[in-house]
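Have a look at the structure below, then the notes.
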Amino acid sequence: LVRRLTRRLSFGSHLSGALAEQRDHLMSIAACPFDNDDPVHVRSLHTVYKKLLGNLHDMPRFGQHWQDIGFQGADPATDLRGVGMLGLVHLVFFVQCPTYWPVALDLFRLARDDVHGFPFAAVSLNMTRIALQALRADKLTKMSSAKGSSVYDAVNEFYVAAYYRLYTVWRSKTKTIADSGFVIKDIEQAALKSAGPLVKDLRKHVSDRQRRERADVEDEVEATAVLTDVITAPDDGTV
């Protein structure tokens with residue numbers, strides 16, 4: 001069944017060889033439901049919760065606490081039905097990747113805003129859905145075929161890029177949950193037109209943030225060196 005579904009979903013793709021195999025693997029993950037008996041599935045769910053909220057302990061498998069990270073009920077598996085385990089894989093990737101964790105944190109803080117908040121995990125699953133649509137429509141072929149890249153890399157990066165686009169629109173235009181359907185639809189249309197602009201915006205944001213962080217570190221090192229010189233300077237008795 002998974003093979004038949006994969007062939008149907010990937011029909012018409014220009015990817016071939018190893019890249020086609022990676023695409024098919026991603027499609028099969030998207031067709032794989034959450035399994036309560038699979039410890040990897042359950043552990044992945046706990047990883048996302050603990051990373052976002054800073055918890056040290058696993059929470060019960062069922063309960064309203066899952067709404068704290070933006071699932072829509074007591075059982076996250078219900079939300080995952082649309083994109084399967086790929087939706088959870090993307091959430092784990094987002095919170096565990098050092099490059100994108102600051103983006104995830106910015107989004108999660110915005111999602112918890114009293115006025116402009118939205119269900120973080122549920123919206124994330126929509127970004128996974130859009131990434132899959134872009135993959136099926138061959139919008140990620142160039143990224144996947146780039147030197148040193150893969151279909152996995154392209155889909156992961158595009159997923160983050162789509163969610164970052166939502167973040168920039170949401171903040172700049174002070175959106176609320178009532179606008180979510182329109183914002184997501186606009187991102188979907190942009191993705192199916194061209195993946196490039198979304199990815200370019202994300203890469204620029206990441207590059208700018210990293211440059212600022214390096215500058216901050218350099219300033220701190222310089223300030224520490226000056227302070228050290230002052231402390232260790234010999235006292236010549238002058239005032």
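To be explicit about the labels: the chains of the structure tokens are called A, B, and onward in the order shown, and within each one the residues are counted from 1, while ligands get numbers from 1 in the order they are shown.
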Skip Lys139 in chain A itself and residues of its chain fewer than 6 positions away, then list as a PDB file with all heavy atoms, in the first residue's frame all residues within 12 Å of it, counting only C-alpha atoms.
```
ATOM      1  N   SER A  13       7.586  13.464 -11.061  1.00  0.00           N
ATOM      2  CA  SER A  13       8.756  14.142 -10.538  1.00  0.00           C
ATOM      3  C   SER A  13       9.936  13.982 -11.473  1.00  0.00           C
ATOM      4  O   SER A  13      10.098  12.964 -12.133  1.00  0.00           O
ATOM      5  CB  SER A  13       9.108  13.573  -9.160  1.00  0.00           C
ATOM      6  OG  SER A  13      10.316  14.132  -8.700  1.00  0.00           O
ATOM      7  N   HIS A  14      10.814  15.011 -11.500  1.00  0.00           N
ATOM      8  CA  HIS A  14      12.009  14.971 -12.322  1.00  0.00           C
ATOM      9  C   HIS A  14      13.205  14.412 -11.568  1.00  0.00           C
ATOM     10  O   HIS A  14      14.300  14.344 -12.125  1.00  0.00           O
ATOM     11  CB  HIS A  14      12.325  16.377 -12.840  1.00  0.00           C
ATOM     12  CG  HIS A  14      11.288  16.917 -13.792  1.00  0.00           C
ATOM     13  ND1 HIS A  14      10.712  18.160 -13.635  1.00  0.00           N
ATOM     14  CD2 HIS A  14      10.713  16.369 -14.887  1.00  0.00           C
ATOM     15  CE1 HIS A  14       9.834  18.369 -14.607  1.00  0.00           C
ATOM     16  NE2 HIS A  14       9.803  17.293 -15.364  1.00  0.00           N
ATOM     17  N   LEU A  15      13.025  14.052 -10.313  1.00  0.00           N
ATOM     18  CA  LEU A  15      14.108  13.453  -9.550  1.00  0.00           C
ATOM     19  C   LEU A  15      14.331  12.014 -10.000  1.00  0.00           C
ATOM     20  O   LEU A  15      13.398  11.324 -10.398  1.00  0.00           O
ATOM     21  CB  LEU A  15      13.776  13.480  -8.054  1.00  0.00           C
ATOM     22  CG  LEU A  15      13.678  14.866  -7.411  1.00  0.00           C
ATOM     23  CD1 LEU A  15      13.138  14.749  -5.999  1.00  0.00           C
ATOM     24  CD2 LEU A  15      15.027  15.566  -7.406  1.00  0.00           C
ATOM     25  N   ILE A 130       2.566  21.826   3.093  1.00  0.00           N
ATOM     26  CA  ILE A 130       2.968  22.687   1.989  1.00  0.00           C
ATOM     27  C   ILE A 130       4.312  22.225   1.419  1.00  0.00           C
ATOM     28  O   ILE A 130       4.517  22.240   0.196  1.00  0.00           O
ATOM     29  CB  ILE A 130       3.041  24.153   2.460  1.00  0.00           C
ATOM     30  CG1 ILE A 130       1.629  24.661   2.777  1.00  0.00           C
ATOM     31  CG2 ILE A 130       3.701  25.035   1.405  1.00  0.00           C
ATOM     32  CD1 ILE A 130       1.600  26.032   3.428  1.00  0.00           C
ATOM     33  N   ALA A 131       5.226  21.810   2.282  1.00  0.00           N
ATOM     34  CA  ALA A 131       6.521  21.313   1.812  1.00  0.00           C
ATOM     35  C   ALA A 131       6.337  20.065   0.949  1.00  0.00           C
ATOM     36  O   ALA A 131       7.015  19.899  -0.077  1.00  0.00           O
ATOM     37  CB  ALA A 131       7.430  21.009   3.001  1.00  0.00           C
ATOM     38  N   LEU A 132       5.430  19.204   1.343  1.00  0.00           N
ATOM     39  CA  LEU A 132       5.142  18.013   0.537  1.00  0.00           C
ATOM     40  C   LEU A 132       4.546  18.397  -0.813  1.00  0.00           C
ATOM     41  O   LEU A 132       4.884  17.810  -1.847  1.00  0.00           O
ATOM     42  CB  LEU A 132       4.177  17.090   1.295  1.00  0.00           C
ATOM     43  CG  LEU A 132       4.797  16.222   2.389  1.00  0.00           C
ATOM     44  CD1 LEU A 132       3.692  15.540   3.198  1.00  0.00           C
ATOM     45  CD2 LEU A 132       5.722  15.170   1.783  1.00  0.00           C
ATOM     46  N   GLN A 133       3.664  19.373  -0.818  1.00  0.00           N
ATOM     47  CA  GLN A 133       3.081  19.833  -2.078  1.00  0.00           C
ATOM     48  C   GLN A 133       4.161  20.396  -2.995  1.00  0.00           C
ATOM     49  O   GLN A 133       4.154  20.145  -4.207  1.00  0.00           O
ATOM     50  CB  GLN A 133       2.022  20.898  -1.815  1.00  0.00           C
ATOM     51  CG  GLN A 133       0.738  20.359  -1.200  1.00  0.00           C
ATOM     52  CD  GLN A 133      -0.293  21.456  -0.975  1.00  0.00           C
ATOM     53  OE1 GLN A 133       0.057  22.568  -0.576  1.00  0.00           O
ATOM     54  NE2 GLN A 133      -1.549  21.158  -1.215  1.00  0.00           N
ATOM     55  N   SER A 145      19.009  18.867  -5.868  1.00  0.00           N
ATOM     56  CA  SER A 145      20.086  18.445  -6.763  1.00  0.00           C
ATOM     57  C   SER A 145      21.362  19.247  -6.571  1.00  0.00           C
ATOM     58  O   SER A 145      22.384  18.945  -7.203  1.00  0.00           O
ATOM     59  CB  SER A 145      19.627  18.573  -8.221  1.00  0.00           C
ATOM     60  OG  SER A 145      18.436  17.842  -8.445  1.00  0.00           O
ATOM     61  N   VAL A 151      17.327  15.466  -0.980  1.00  0.00           N
ATOM     62  CA  VAL A 151      15.895  15.745  -0.871  1.00  0.00           C
ATOM     63  C   VAL A 151      15.532  16.014   0.584  1.00  0.00           C
ATOM     64  O   VAL A 151      14.724  16.898   0.881  1.00  0.00           O
ATOM     65  CB  VAL A 151      15.067  14.570  -1.432  1.00  0.00           C
ATOM     66  CG1 VAL A 151      13.577  14.835  -1.253  1.00  0.00           C
ATOM     67  CG2 VAL A 151      15.383  14.359  -2.906  1.00  0.00           C
ATOM     68  N   ALA A 154      16.539  19.569   1.386  1.00  0.00           N
ATOM     69  CA  ALA A 154      15.689  20.543   0.700  1.00  0.00           C
ATOM     70  C   ALA A 154      14.321  20.652   1.363  1.00  0.00           C
ATOM     71  O   ALA A 154      13.814  21.755   1.580  1.00  0.00           O
ATOM     72  CB  ALA A 154      15.541  20.157  -0.771  1.00  0.00           C
ATOM     73  N   VAL A 155      13.723  19.525   1.680  1.00  0.00           N
ATOM     74  CA  VAL A 155      12.385  19.538   2.281  1.00  0.00           C
ATOM     75  C   VAL A 155      12.436  20.117   3.685  1.00  0.00           C
ATOM     76  O   VAL A 155      11.567  20.913   4.080  1.00  0.00           O
ATOM     77  CB  VAL A 155      11.774  18.119   2.285  1.00  0.00           C
ATOM     78  CG1 VAL A 155      10.472  18.089   3.078  1.00  0.00           C
ATOM     79  CG2 VAL A 155      11.520  17.647   0.854  1.00  0.00           C
ATOM     80  N   PHE A 158      12.962  23.887   3.350  1.00  0.00           N
ATOM     81  CA  PHE A 158      11.781  24.565   2.836  1.00  0.00           C
ATOM     82  C   PHE A 158      10.670  24.598   3.885  1.00  0.00           C
ATOM     83  O   PHE A 158       9.935  25.588   3.983  1.00  0.00           O
ATOM     84  CB  PHE A 158      11.266  23.888   1.571  1.00  0.00           C
ATOM     85  CG  PHE A 158      10.112  24.618   0.966  1.00  0.00           C
ATOM     86  CD1 PHE A 158      10.310  25.783   0.246  1.00  0.00           C
ATOM     87  CD2 PHE A 158       8.817  24.182   1.161  1.00  0.00           C
ATOM     88  CE1 PHE A 158       9.244  26.490  -0.280  1.00  0.00           C
ATOM     89  CE2 PHE A 158       7.740  24.875   0.645  1.00  0.00           C
ATOM     90  CZ  PHE A 158       7.957  26.032  -0.084  1.00  0.00           C
ATOM     91  N   GLU A 188       1.041  28.812   0.759  1.00  0.00           N
ATOM     92  CA  GLU A 188       0.890  27.665  -0.139  1.00  0.00           C
ATOM     93  C   GLU A 188       0.995  28.103  -1.601  1.00  0.00           C
ATOM     94  O   GLU A 188       1.691  27.474  -2.410  1.00  0.00           O
ATOM     95  CB  GLU A 188      -0.454  26.996   0.120  1.00  0.00           C
ATOM     96  CG  GLU A 188      -0.705  25.753  -0.696  1.00  0.00           C
ATOM     97  CD  GLU A 188      -2.028  25.103  -0.342  1.00  0.00           C
ATOM     98  OE1 GLU A 188      -2.680  25.558   0.625  1.00  0.00           O
ATOM     99  OE2 GLU A 188      -2.413  24.145  -1.024  1.00  0.00           O
ATOM    100  N   GLN A 189       0.325  29.174  -1.953  1.00  0.00           N
ATOM    101  CA  GLN A 189       0.364  29.674  -3.327  1.00  0.00           C
ATOM    102  C   GLN A 189       1.767  30.145  -3.697  1.00  0.00           C
ATOM    103  O   GLN A 189       2.250  29.892  -4.816  1.00  0.00           O
ATOM    104  CB  GLN A 189      -0.649  30.801  -3.501  1.00  0.00           C
ATOM    105  CG  GLN A 189      -2.093  30.331  -3.425  1.00  0.00           C
ATOM    106  CD  GLN A 189      -3.099  31.473  -3.477  1.00  0.00           C
ATOM    107  OE1 GLN A 189      -2.738  32.638  -3.307  1.00  0.00           O
ATOM    108  NE2 GLN A 189      -4.367  31.147  -3.715  1.00  0.00           N
ATOM    109  N   ALA A 190       2.441  30.814  -2.763  1.00  0.00           N
ATOM    110  CA  ALA A 190       3.805  31.264  -3.019  1.00  0.00           C
ATOM    111  C   ALA A 190       4.747  30.082  -3.211  1.00  0.00           C
ATOM    112  O   ALA A 190       5.624  30.107  -4.084  1.00  0.00           O
ATOM    113  CB  ALA A 190       4.291  32.136  -1.863  1.00  0.00           C
ATOM    114  N   ALA A 191       4.549  29.032  -2.414  1.00  0.00           N
ATOM    115  CA  ALA A 191       5.400  27.853  -2.503  1.00  0.00           C
ATOM    116  C   ALA A 191       5.240  27.143  -3.844  1.00  0.00           C
ATOM    117  O   ALA A 191       6.221  26.682  -4.437  1.00  0.00           O
ATOM    118  CB  ALA A 191       5.069  26.887  -1.368  1.00  0.00           C
ATOM    119  N   LEU A 192       4.023  27.063  -4.322  1.00  0.00           N
ATOM    120  CA  LEU A 192       3.771  26.362  -5.574  1.00  0.00           C
ATOM    121  C   LEU A 192       4.168  27.211  -6.783  1.00  0.00           C
ATOM    122  O   LEU A 192       4.290  26.691  -7.895  1.00  0.00           O
ATOM    123  CB  LEU A 192       2.302  25.958  -5.662  1.00  0.00           C
ATOM    124  CG  LEU A 192       1.865  24.927  -4.621  1.00  0.00           C
ATOM    125  CD1 LEU A 192       0.385  24.615  -4.750  1.00  0.00           C
ATOM    126  CD2 LEU A 192       2.691  23.641  -4.754  1.00  0.00           C
ATOM    127  N   LYS A 193       4.374  28.502  -6.563  1.00  0.00           N
ATOM    128  CA  LYS A 193       4.871  29.371  -7.630  1.00  0.00           C
ATOM    129  C   LYS A 193       6.382  29.246  -7.748  1.00  0.00           C
ATOM    130  O   LYS A 193       6.926  29.037  -8.833  1.00  0.00           O
ATOM    131  CB  LYS A 193       4.476  30.816  -7.352  1.00  0.00           C
ATOM    132  CG  LYS A 193       4.917  31.783  -8.440  1.00  0.00           C
ATOM    133  CD  LYS A 193       4.451  33.203  -8.124  1.00  0.00           C
ATOM    134  CE  LYS A 193       4.875  34.165  -9.226  1.00  0.00           C
ATOM    135  NZ  LYS A 193       4.438  35.562  -8.923  1.00  0.00           N
ATOM    136  N   SER A 194       7.069  29.370  -6.610  1.00  0.00           N
ATOM    137  CA  SER A 194       8.530  29.251  -6.583  1.00  0.00           C
ATOM    138  C   SER A 194       9.005  29.120  -5.147  1.00  0.00           C
ATOM    139  O   SER A 194       8.628  29.920  -4.291  1.00  0.00           O
ATOM    140  CB  SER A 194       9.189  30.465  -7.237  1.00  0.00           C
ATOM    141  OG  SER A 194      10.597  30.397  -7.114  1.00  0.00           O
ATOM    142  N   ALA A 195       9.853  28.124  -4.900  1.00  0.00           N
ATOM    143  CA  ALA A 195      10.384  27.931  -3.555  1.00  0.00           C
ATOM    144  C   ALA A 195      11.493  28.919  -3.241  1.00  0.00           C
ATOM    145  O   ALA A 195      11.759  29.235  -2.079  1.00  0.00           O
ATOM    146  CB  ALA A 195      10.917  26.506  -3.412  1.00  0.00           C
ATOM    147  N   GLY A 196      12.141  29.440  -4.285  1.00  0.00           N
ATOM    148  CA  GLY A 196      13.324  30.265  -4.115  1.00  0.00           C
ATOM    149  C   GLY A 196      13.178  31.450  -3.178  1.00  0.00           C
ATOM    150  O   GLY A 196      13.990  31.615  -2.255  1.00  0.00           O
ATOM    151  N   PRO A 197      12.173  32.320  -3.375  1.00  0.00           N
ATOM    152  CA  PRO A 197      12.061  33.507  -2.516  1.00  0.00           C
ATOM    153  C   PRO A 197      11.900  33.183  -1.032  1.00  0.00           C
ATOM    154  O   PRO A 197      12.468  33.882  -0.176  1.00  0.00           O
ATOM    155  CB  PRO A 197      10.815  34.206  -3.075  1.00  0.00           C
ATOM    156  CG  PRO A 197      10.752  33.778  -4.506  1.00  0.00           C
ATOM    157  CD  PRO A 197      11.214  32.357  -4.490  1.00  0.00           C
ATOM    158  N   LEU A 198      11.148  32.156  -0.709  1.00  0.00           N
ATOM    159  CA  LEU A 198      10.955  31.787   0.692  1.00  0.00           C
ATOM    160  C   LEU A 198      12.269  31.336   1.312  1.00  0.00           C
ATOM    161  O   LEU A 198      12.625  31.739   2.427  1.00  0.00           O
ATOM    162  CB  LEU A 198       9.902  30.681   0.826  1.00  0.00           C
ATOM    163  CG  LEU A 198       8.431  31.117   0.869  1.00  0.00           C
ATOM    164  CD1 LEU A 198       7.989  31.608  -0.512  1.00  0.00           C
ATOM    165  CD2 LEU A 198       7.536  29.955   1.310  1.00  0.00           C
ATOM    166  N   VAL A 199      13.001  30.493   0.581  1.00  0.00           N
ATOM    167  CA  VAL A 199      14.274  29.978   1.084  1.00  0.00           C
ATOM    168  C   VAL A 199      15.306  31.096   1.179  1.00  0.00           C
ATOM    169  O   VAL A 199      16.086  31.161   2.137  1.00  0.00           O
ATOM    170  CB  VAL A 199      14.784  28.836   0.182  1.00  0.00           C
ATOM    171  CG1 VAL A 199      16.187  28.397   0.599  1.00  0.00           C
ATOM    172  CG2 VAL A 199      13.823  27.654   0.230  1.00  0.00           C
TER     173      VAL A 199
END
```
Discussion item. Give me, as a ChimeraX atom specification, the residues of chain A that a backbone DSSP run labels helix (DSSP H, G or I).
Written reply: /A:2-9,17-30,39-53,64-69,76-82,84-96,101-111,120-136,141-145,151-172,177-193,196-232
Each residue of range 103-220 of chain A with at least one atom at most 9 Å from range 43-59 of chain A should appear once, together with its nearest atom pair and the corresponding distance in Å (one decimal); atoms considered: only C-alpha atoms; ordering: chain, then increasing residue number; output as JSON lines.
```
{"residue": "A:Ala104", "atom": "CA", "partner": "A:Leu52", "partner_atom": "CA", "distance": 8.7}
{"residue": "A:Leu105", "atom": "CA", "partner": "A:Leu52", "partner_atom": "CA", "distance": 7.4}
{"residue": "A:Phe108", "atom": "CA", "partner": "A:Leu52", "partner_atom": "CA", "distance": 7.6}
```
Worksheet entry | Contacts of range 166-169 of chain A at 9 Å (only C-alpha atoms; same-chain gap of 4+ positions) as a list of chain:residue names | A:Val103, A:Asp106, A:Leu107, A:Leu110, A:Ala161, A:Ala162, A:Lys173, A:Thr174, A:Lys175, A:Val183, A:Ile184, A:Ile187
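The interatomic distance for the pair CA of Arg112 in chain A and CA of Gln64 in chain A works out to 15.6 Å.
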Item to complete: Could you give me, as a list in words, the residues within 12 Å of Asn36 in chain A, counting only C-alpha atoms and dropping anything in the same chain fewer than 2 positions from it?
Response: Pro33, Phe34, Asp38, Pro39, Val40, His41, Val42, Arg43, Ser44, Leu45, Arg61, Phe62, Asp75, Pro76, Ala77, Thr78 and Met85 of chain A
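Closest approach to Val206 in chain A from the set A:Ser149, A:Thr99, A:Thr128, A:Gln67 is made by A:Thr99, with distances taken over only C-alpha atoms.
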